[in-house]
Every structure is written in structure tokens, then in C-alpha cells.
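**Q** As input, take entry27.cif (mmCIF, C-alpha atoms):
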data_protein
#
loop_
_atom_site.group_PDB
_atom_site.id
_atom_site.type_symbol
_atom_site.label_atom_id
_atom_site.label_comp_id
_atom_site.auth_asym_id
_atom_site.auth_seq_id
_atom_site.Cartn_x
_atom_site.Cartn_y
_atom_site.Cartn_z
ATOM 1 C CA MET A 1 -97.040 -31.167 4.409
ATOM 2 C CA GLY A 2 -97.362 -29.041 7.539
ATOM 3 C CA MET A 3 -95.066 -26.208 8.588
ATOM 4 C CA ARG A 4 -93.265 -28.251 11.233
ATOM 5 C CA ALA A 5 -92.607 -31.065 8.760
ATOM 6 C CA ARG A 6 -91.125 -28.679 6.186
ATOM 7 C CA LEU A 7 -88.804 -27.123 8.813
ATOM 8 C CA ALA A 8 -87.578 -30.525 9.912
ATOM 9 C CA VAL A 9 -86.806 -31.625 6.368
ATOM 10 C CA GLY A 10 -84.927 -28.311 5.692
ATOM 11 C CA ALA A 11 -82.793 -28.770 8.783
ATOM 12 C CA VAL A 12 -81.804 -32.283 7.745
ATOM 13 C CA VAL A 13 -80.840 -31.138 4.222
ATOM 14 C CA GLY A 14 -78.826 -28.228 5.622
ATOM 15 C CA LEU A 15 -76.856 -30.492 7.940
ATOM 16 C CA ALA A 16 -76.092 -32.857 5.061
ATOM 17 C CA VAL A 17 -74.736 -30.015 2.901
ATOM 18 C CA ILE A 18 -72.542 -28.651 5.718
ATOM 19 C CA GLY A 19 -71.177 -32.140 6.383
ATOM 20 C CA ALA A 20 -70.280 -32.659 2.736
ATOM 21 C CA VAL A 21 -68.439 -29.319 2.511
ATOM 22 C CA SER A 22 -66.484 -30.062 5.703
ATOM 23 C CA ALA A 23 -65.447 -33.461 4.405
ATOM 24 C CA THR A 24 -64.224 -31.961 1.145
ATOM 25 C CA VAL A 25 -62.133 -29.279 2.891
ATOM 26 C CA GLY A 26 -60.660 -31.843 5.273
ATOM 27 C CA SER A 27 -59.595 -34.135 2.453
ATOM 28 C CA HIS A 28 -57.749 -31.278 0.696
ATOM 29 C CA SER A 29 -55.996 -30.267 3.908
ATOM 30 C CA LYS A 30 -54.797 -33.805 4.631
ATOM 31 C CA ALA A 31 -53.491 -34.121 1.093
ATOM 32 C CA GLY A 32 -51.289 -31.008 1.614
ATOM 33 C CA GLY A 33 -52.557 -29.561 -1.626
ATOM 34 C CA SER A 34 -54.403 -26.264 -1.710
ATOM 35 C CA GLY A 35 -55.863 -25.722 1.761
ATOM 36 C CA ASP A 36 -55.068 -22.776 3.990
ATOM 37 C CA GLY A 37 -52.996 -25.061 6.229
ATOM 38 C CA ALA A 38 -50.681 -25.924 3.320
ATOM 39 C CA ARG A 39 -50.316 -22.276 2.373
ATOM 40 C CA ALA A 40 -49.398 -21.313 5.944
ATOM 41 C CA GLY A 41 -46.497 -23.776 6.078
ATOM 42 C CA SER A 42 -43.236 -23.975 4.088
ATOM 43 C CA SER A 43 -43.199 -25.474 0.636
ATOM 44 C CA PRO A 44 -41.446 -28.858 0.754
ATOM 45 C CA SER A 45 -39.453 -27.899 -2.346
ATOM 46 C CA ALA A 46 -38.104 -24.606 -0.958
ATOM 47 C CA PRO A 47 -34.415 -25.039 0.110
ATOM 48 C CA HIS A 48 -33.583 -23.640 3.520
ATOM 49 C CA LYS A 49 -30.403 -23.316 5.545
ATOM 50 C CA PRO A 50 -30.008 -23.103 9.316
ATOM 51 C CA GLY A 51 -30.751 -19.637 10.563
ATOM 52 C CA GLY A 52 -33.153 -18.917 7.706
ATOM 53 C CA ALA A 53 -30.536 -18.336 4.968
ATOM 54 C CA SER A 54 -31.435 -19.813 1.594
ATOM 55 C CA GLU A 55 -28.949 -21.488 -0.733
ATOM 56 C CA ASN A 56 -28.725 -18.427 -2.973
ATOM 57 C CA SER A 57 -28.038 -15.883 -0.187
ATOM 58 C CA GLY A 58 -24.259 -15.860 -0.737
ATOM 59 C CA GLY A 59 -23.212 -18.954 1.182
ATOM 60 C CA SER A 60 -22.312 -19.465 4.806
ATOM 61 C CA ALA A 61 -20.590 -16.890 6.993
ATOM 62 C CA ASP A 62 -17.398 -18.970 6.877
ATOM 63 C CA SER A 63 -17.368 -19.024 3.077
ATOM 64 C CA ARG A 64 -17.996 -15.276 2.902
ATOM 65 C CA ARG A 65 -15.099 -14.652 5.291
ATOM 66 C CA ALA A 66 -12.889 -16.944 3.229
ATOM 67 C CA ARG A 67 -13.708 -15.021 0.044
ATOM 68 C CA ALA A 68 -13.003 -11.711 1.804
ATOM 69 C CA ALA A 69 -9.642 -13.042 3.044
ATOM 70 C CA GLU A 70 -8.680 -14.034 -0.493
ATOM 71 C CA LYS A 71 -9.152 -10.426 -1.641
ATOM 72 C CA MET A 72 -6.766 -9.015 0.990
ATOM 73 C CA LYS A 73 -3.292 -8.213 -0.295
ATOM 74 C CA THR A 74 -0.062 -9.734 1.001
ATOM 75 C CA THR A 75 2.157 -7.722 -1.378
ATOM 76 C CA PHE A 76 1.603 -4.051 -2.145
ATOM 77 C CA GLY A 77 3.610 -0.988 -3.112
ATOM 78 C CA ASP A 78 1.370 1.951 -4.029
ATOM 79 C CA ASN A 79 1.555 4.905 -1.638
ATOM 80 C CA GLY A 80 -1.458 5.547 0.535
ATOM 81 C CA ASP A 81 -3.638 4.187 3.332
ATOM 82 C CA TYR A 82 -4.581 0.520 3.622
ATOM 83 C CA GLN A 83 -7.341 -0.825 5.883
ATOM 84 C CA VAL A 84 -6.111 -3.737 7.954
ATOM 85 C CA GLY A 85 -8.338 -6.769 7.594
ATOM 86 C CA THR A 86 -9.993 -5.373 4.472
ATOM 87 C CA ASP A 87 -7.252 -4.240 2.070
ATOM 88 C CA ILE A 88 -4.289 -6.083 3.610
ATOM 89 C CA LYS A 89 -3.843 -9.013 5.946
ATOM 90 C CA PRO A 90 -2.331 -8.517 9.401
ATOM 91 C CA GLY A 91 1.195 -9.917 9.791
ATOM 92 C CA THR A 92 4.877 -9.048 9.504
ATOM 93 C CA TYR A 93 5.881 -7.248 6.312
ATOM 94 C CA ARG A 94 9.323 -6.560 4.831
ATOM 95 C CA THR A 95 10.463 -3.868 2.412
ATOM 96 C CA THR A 96 13.950 -3.760 0.876
ATOM 97 C CA GLY A 97 16.070 -1.426 -1.244
ATOM 98 C CA ASN A 98 14.919 1.888 0.215
ATOM 99 C CA PRO A 99 17.494 4.698 -0.216
ATOM 100 C CA ASP A 100 18.274 7.649 2.059
ATOM 101 C CA ASP A 101 15.351 7.587 4.506
ATOM 102 C CA THR A 102 12.819 8.267 1.744
ATOM 103 C CA CYS A 103 10.470 5.552 3.056
ATOM 104 C CA TYR A 104 7.997 6.488 5.805
ATOM 105 C CA TRP A 105 5.405 4.123 7.303
ATOM 106 C CA GLU A 106 2.815 4.378 10.059
ATOM 107 C CA ARG A 107 0.465 2.099 11.985
ATOM 108 C CA ALA A 108 -2.762 3.742 13.204
ATOM 109 C CA ARG A 109 -5.597 2.788 15.547
ATOM 110 C CA ASP A 110 -8.152 4.625 13.390
ATOM 111 C CA ALA A 111 -8.477 6.739 10.251
ATOM 112 C CA SER A 112 -8.993 10.082 12.012
ATOM 113 C CA GLY A 113 -5.540 11.394 11.074
ATOM 114 C CA GLN A 114 -5.128 12.778 14.590
ATOM 115 C CA PRO A 115 -1.658 12.540 16.191
ATOM 116 C CA ASP A 116 -2.949 10.323 18.992
ATOM 117 C CA ALA A 117 -4.200 7.795 16.416
ATOM 118 C CA THR A 118 -0.615 6.861 15.516
ATOM 119 C CA LEU A 119 0.559 3.638 17.156
ATOM 120 C CA ALA A 120 4.038 3.569 15.597
ATOM 121 C CA GLY A 121 5.905 5.061 12.653
ATOM 122 C CA ASP A 122 9.408 5.449 11.267
ATOM 123 C CA ARG A 123 11.579 6.541 8.369
ATOM 124 C CA LEU A 124 13.941 3.894 7.092
ATOM 125 C CA ASN A 125 16.602 3.155 4.555
ATOM 126 C CA GLY A 126 17.616 -0.217 3.220
ATOM 127 C CA THR A 127 15.494 -3.010 4.687
ATOM 128 C CA GLY A 128 12.607 -2.571 7.082
ATOM 129 C CA TYR A 129 10.246 -4.881 8.954
ATOM 130 C CA VAL A 130 6.857 -3.926 10.393
ATOM 131 C CA THR A 131 4.322 -6.140 12.144
ATOM 132 C CA VAL A 132 0.787 -4.975 11.365
ATOM 133 C CA MET A 133 -1.453 -6.153 14.198
ATOM 134 C CA PRO A 134 -5.023 -7.481 13.741
ATOM 135 C CA THR A 135 -6.197 -4.667 16.048
ATOM 136 C CA ASP A 136 -4.654 -1.970 13.805
ATOM 137 C CA LYS A 137 -7.118 -0.135 11.577
ATOM 138 C CA VAL A 138 -4.844 1.594 9.057
ATOM 139 C CA PHE A 139 -1.347 1.059 7.658
ATOM 140 C CA ARG A 140 -0.049 4.005 5.631
ATOM 141 C CA PHE A 141 3.229 4.695 3.872
ATOM 142 C CA PHE A 142 4.893 6.699 1.131
ATOM 143 C CA GLY A 143 8.209 6.528 -0.703
ATOM 144 C CA CYS A 144 8.746 2.842 0.147
ATOM 145 C CA ALA A 145 9.623 -0.109 -2.035
ATOM 146 C CA ASP A 146 7.079 -2.946 -2.171
ATOM 147 C CA TRP A 147 5.962 -4.545 1.085
ATOM 148 C CA GLU A 148 5.768 -8.340 1.246
ATOM 149 C CA LEU A 149 4.184 -10.512 3.938
ATOM 150 C CA VAL A 150 6.808 -12.794 5.515
ATOM 151 C CA ASP A 151 6.750 -15.493 8.170
ATOM 152 C CA PRO A 152 9.013 -14.265 10.999
ATOM 153 C CA THR A 153 9.268 -17.801 12.394
ATOM 154 C CA ALA A 154 10.390 -19.387 9.125
ATOM 155 C CA PRO A 155 14.063 -20.305 8.630
ATOM 156 C CA THR A 156 16.053 -18.105 6.298
ATOM 157 C CA ALA A 157 15.808 -18.936 2.624
ATOM 158 C CA LYS A 158 19.448 -17.910 2.155
ATOM 159 C CA GLY A 159 20.825 -20.707 4.353
ATOM 160 C CA THR A 160 23.163 -19.814 7.200
ATOM 161 C CA PRO A 161 22.538 -16.339 8.703
ATOM 162 C CA ALA A 162 25.263 -13.791 7.929
ATOM 163 C CA THR A 163 27.990 -12.781 10.387
ATOM 164 C CA SER A 164 28.571 -9.332 8.880
ATOM 165 C CA MET A 165 26.269 -6.582 7.668
ATOM 166 C CA ASP A 166 26.182 -3.197 5.990
ATOM 167 C CA GLY A 167 26.011 -0.568 8.727
ATOM 168 C CA ASP A 168 23.517 1.517 6.748
ATOM 169 C CA ALA A 169 21.308 -1.289 5.501
ATOM 170 C CA GLY A 170 18.416 -0.882 7.914
ATOM 171 C CA MET A 171 16.846 -3.702 9.891
ATOM 172 C CA PHE A 172 17.928 -7.326 10.199
ATOM 173 C CA GLN A 173 16.074 -10.254 11.708
ATOM 174 C CA VAL A 174 18.269 -11.995 14.290
ATOM 175 C CA GLY A 175 18.650 -15.698 13.582
ATOM 176 C CA THR A 176 17.349 -15.305 10.019
ATOM 177 C CA ASP A 177 19.242 -12.444 8.373
ATOM 178 C CA ILE A 178 22.138 -12.292 10.831
ATOM 179 C CA ALA A 179 23.472 -14.715 13.427
ATOM 180 C CA PRO A 180 23.485 -13.915 17.159
ATOM 181 C CA GLY A 181 26.838 -12.888 18.646
ATOM 182 C CA THR A 182 29.000 -9.851 19.401
ATOM 183 C CA TYR A 183 29.531 -7.406 16.542
ATOM 184 C CA LYS A 184 31.929 -4.474 16.076
ATOM 185 C CA SER A 185 31.635 -1.413 13.856
ATOM 186 C CA THR A 186 34.550 1.025 13.464
ATOM 187 C CA GLY A 187 35.097 4.458 11.982
ATOM 188 C CA ASN A 188 31.841 6.058 13.129
ATOM 189 C CA THR A 189 32.070 9.847 13.244
ATOM 190 C CA GLY A 190 30.023 12.619 14.779
ATOM 191 C CA GLY A 191 27.594 10.386 16.641
ATOM 192 C CA THR A 192 25.586 9.791 13.499
ATOM 193 C CA CYS A 193 25.762 5.989 13.859
ATOM 194 C CA TYR A 194 22.645 4.653 15.554
ATOM 195 C CA TRP A 195 21.937 1.036 16.456
ATOM 196 C CA GLU A 196 18.949 -0.575 18.142
ATOM 197 C CA ARG A 197 17.964 -4.008 19.433
ATOM 198 C CA THR A 198 14.256 -4.914 19.538
ATOM 199 C CA LYS A 199 12.263 -7.942 20.600
ATOM 200 C CA ASP A 200 9.763 -7.666 17.716
ATOM 201 C CA ALA A 201 8.806 -5.560 14.683
ATOM 202 C CA GLU A 202 5.805 -3.774 16.199
ATOM 203 C CA HIS A 203 7.955 -0.677 16.898
ATOM 204 C CA GLY A 204 5.971 0.128 20.029
ATOM 205 C CA PRO A 205 7.372 1.192 23.413
ATOM 206 C CA ASP A 206 7.498 -2.426 24.566
ATOM 207 C CA SER A 207 9.509 -3.480 21.500
ATOM 208 C CA PHE A 208 12.653 -1.553 22.459
ATOM 209 C CA LEU A 209 15.490 -3.456 24.186
ATOM 210 C CA ALA A 210 18.530 -1.153 23.768
ATOM 211 C CA GLY A 211 19.984 1.488 21.448
ATOM 212 C CA ASP A 212 22.726 4.096 21.191
ATOM 213 C CA HIS A 213 24.286 6.866 19.102
ATOM 214 C CA VAL A 214 27.978 6.091 18.626
ATOM 215 C CA THR A 215 31.176 7.917 17.721
ATOM 216 C CA GLY A 216 34.248 5.835 16.959
ATOM 217 C CA THR A 217 34.009 2.100 17.614
ATOM 218 C CA ALA A 218 30.714 0.421 18.479
ATOM 219 C CA VAL A 219 30.365 -3.044 20.025
ATOM 220 C CA VAL A 220 26.971 -4.747 20.373
ATOM 221 C CA THR A 221 26.005 -8.250 21.501
ATOM 222 C CA LEU A 222 22.925 -9.678 19.780
ATOM 223 C CA SER A 223 21.165 -12.334 21.825
ATOM 224 C CA ALA A 224 19.461 -15.345 20.272
ATOM 225 C CA SER A 225 16.274 -14.111 21.950
ATOM 226 C CA ASP A 226 16.452 -10.730 20.173
ATOM 227 C CA GLY A 227 13.971 -10.198 17.378
ATOM 228 C CA TYR A 228 15.639 -7.556 15.198
ATOM 229 C CA PHE A 229 18.724 -5.335 14.950
ATOM 230 C CA LYS A 230 18.515 -1.873 13.357
ATOM 231 C CA THR A 231 21.588 0.004 12.126
ATOM 232 C CA ASP A 232 21.643 3.453 10.538
ATOM 233 C CA ASP A 233 24.650 5.413 9.201
ATOM 234 C CA CYS A 234 27.174 3.096 10.890
ATOM 235 C CA GLY A 235 30.308 1.472 9.557
ATOM 236 C CA ASP A 236 30.043 -2.164 8.520
ATOM 237 C CA TRP A 237 29.463 -4.637 11.354
ATOM 238 C CA LYS A 238 31.498 -7.843 11.746
ATOM 239 C CA ARG A 239 31.064 -10.577 14.322
ATOM 240 C CA ILE A 240 34.077 -10.910 16.642
#
Translate the structure of the given file into C-alpha cells.
**A**
Amino acid sequence: MGMRARLAVGAVVGLAVIGAVSATVGSHSKAGGSGDGARAGSSPSAPHKPGGASENSGGSADSRRARAAEKMKTTFGDNGDYQVGTDIKPGTYRTTGNPDDTCYWERARDASGQPDATLAGDRLNGTGYVTVMPTDKVFRFFGCADWELVDPTAPTAKGTPATSMDGDAGMFQVGTDIAPGTYKSTGNTGGTCYWERTKDAEHGPDSFLAGDHVTGTAVVTLSASDGYFKTDDCGDWKRI
């Protein structure tokens, strides 16, 4: 066989081998088995969630937030600092049975400890209410009885609101603890009796409605639109 004939036969054989290899690779790729195209894609058995999160990544953002909310306290009593939204839930809290102004609480915009970080604070005796806002960062206190989250819009559990109150018992919610109306306190000496009407329990500058230090007889009208009434070192109040 001449040189040209041998070259022609070699070319034909080479083309046949290349065609067979290409056909084999193509059949594997179409079958989705072991070709490079299959390896480049996602495994059909691998579970995926929207946004690329897999089933074992801790669940959805909503479920993680729900679990975090369950860990936040709604009743607490140990002295110290509490992070709002992490340690405790925002809301209106009540503490009762505090003697002689030993309880001090404070709402803060951050944990710097600087004076300008304080949003509100007070010493109290008897009963106190404080609304911890979602925008607060820290709620701190010492010397207080336990704090309990309450619903300020809920009706009183005791039935009809009272029409008299201890003049040194702290803070009362109008319409829940005490009924609206005009109240009188007698026998106050030395101007030590202090009363205050507020529209809410945030204790900020916008919360204040009216207040006074009184000697002798004090008369105060509580409106149905008032939020709370605070009384400190006064004689007992009776509705008239």
C-alpha cells in the first residue's frame, strides 16, 4: 500500500475513534450521571431553601426570632442591667410592696453609663409602673421587688376600681386600680406630700400632666383620660 493510501486509512480510523468517544461522553451527560455537567449543577437530593439556606441551618428568620422572643423574660427581680429585646421584652411593668424609697429604676438609651444616656429614672415606694420602650437599650434597677409585665389596657382583675387609696402607696393606674373622680387627702404636714398625674408610665417629660407638694388638705381631680396617679407621703385619699 502506498504512502497516500496509508494516510487516508489512518485518518478514517482516527475520526471513527473520536466519534465513538464523543458519543459515549454525550450519553453520560444526558443521563445526568457522572459527567462534568452533572457535577457543576446541584444534586437533586440536596434540600435547599429560598435564599440559599439549607434545612439544617437553624430554620427561617421568623422561627429564629420566635425562639429568641421565648427566651426574653416577662418577670424578673434580680438587681442589675437588662438588655431590652434580648433579656426582657418591651412593655409596661409593675412592681409592688417596695418600702421607703429603697427601689430605684432607670431606662437608658445605651449601656455607656453616661448621664446623658438616661431616659428616665425614679425612686419609689409601694407600687410602681414603668413602660420599657422597644427603642430603649437597657433597663436597670436595684432594691426593687419583682417586676411583672402587665397589659395596661386590660380591665382590672380586682373588679371595680377603688375609690380610696393609701397616700404613701406609690403609683395607681386610673380606671384600673382607682376610679376617676375628685379625691381629697387631709392632714399633710410640712409640704412632704407629693402627688402627680401622668398620661402614661414612660416617666419622660411628655408624660407629666400636673403635680404639687402639699401642706394641709389636698384636692385632686383624676380624669378618665389620665394614665396614672402617683402619691408619696400623703394622707389617705378618698373620692368626694
**Q** Mind dumping a table of every range 68-143 of chain A residue within 9 Å of range 168-184 of chain A, with the nearest atom pair and its distance in Å to one decimal, using all atoms listed in the file, sorted by chain and rising number, as JSON lines?
**A**
{"residue": "A:Thr96", "atom": "CA", "partner": "A:Gly170", "partner_atom": "CA", "distance": 8.8}
{"residue": "A:Gly97", "atom": "CA", "partner": "A:Ala169", "partner_atom": "CA", "distance": 8.5}
{"residue": "A:Asn98", "atom": "CA", "partner": "A:Ala169", "partner_atom": "CA", "distance": 8.9}
{"residue": "A:Leu124", "atom": "CA", "partner": "A:Gly170", "partner_atom": "CA", "distance": 6.6}
{"residue": "A:Asn125", "atom": "CA", "partner": "A:Gly170", "partner_atom": "CA", "distance": 5.6}
{"residue": "A:Gly126", "atom": "CA", "partner": "A:Ala169", "partner_atom": "CA", "distance": 4.5}
{"residue": "A:Thr127", "atom": "CA", "partner": "A:Gly170", "partner_atom": "CA", "distance": 4.8}
{"residue": "A:Gly128", "atom": "CA", "partner": "A:Met171", "partner_atom": "CA", "distance": 5.2}
{"residue": "A:Tyr129", "atom": "CA", "partner": "A:Met171", "partner_atom": "CA", "distance": 6.8}
**Q** One number please: CA of Asp236 in chain A to CA of Asp206 in chain A, in Å, one decimal.
**A**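 Atom-to-atom, CA of Asp236 in chain A to CA of Asp206 in chain A, that is 27.7 Å.
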**Q** If the PyMOL selection byres ((chain A and resi 229) around 8) is run on the structure shown, which residues does it catch, given as a PyMOL selection string?
**A** chain A and resi 171-174+195-198+222+226-228+230-231
**Q** Between CA of Thr95 in chain A and CA of Thr74 in chain A, what is the distance, to one decimal in Å?
**A** 12.1 Å
**Q** Calculate how many Å separate CA of Trp105 in chain A from CA of Ser185 in chain A, rounding to one decimal.
**A**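 Straight-line distance from CA of Trp105 in chain A to CA of Ser185 in chain A works out to 27.6 Å.
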**Q** Since I can't run it myself right now, could you work out what the PyMOL selection byres ((chain A and resi 136) around 9) selects here and report it as a list in words?
**A**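 Expected selection for the PyMOL selection byres ((chain A and resi 136) around 9) here is Gln83, Val84, Gly85, Pro90, Arg107, Ala108, Arg109, Asp110, Leu119, Val132, Met133, Pro134, Thr135, Lys137, Val138 and Phe139 of chain A.
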**Q** Which is closer to Asn79 in chain A than all the others in A:Gly235, A:Tyr104, A:Thr163, A:Glu148, using only C-alpha atoms?
**A** A:Tyr104
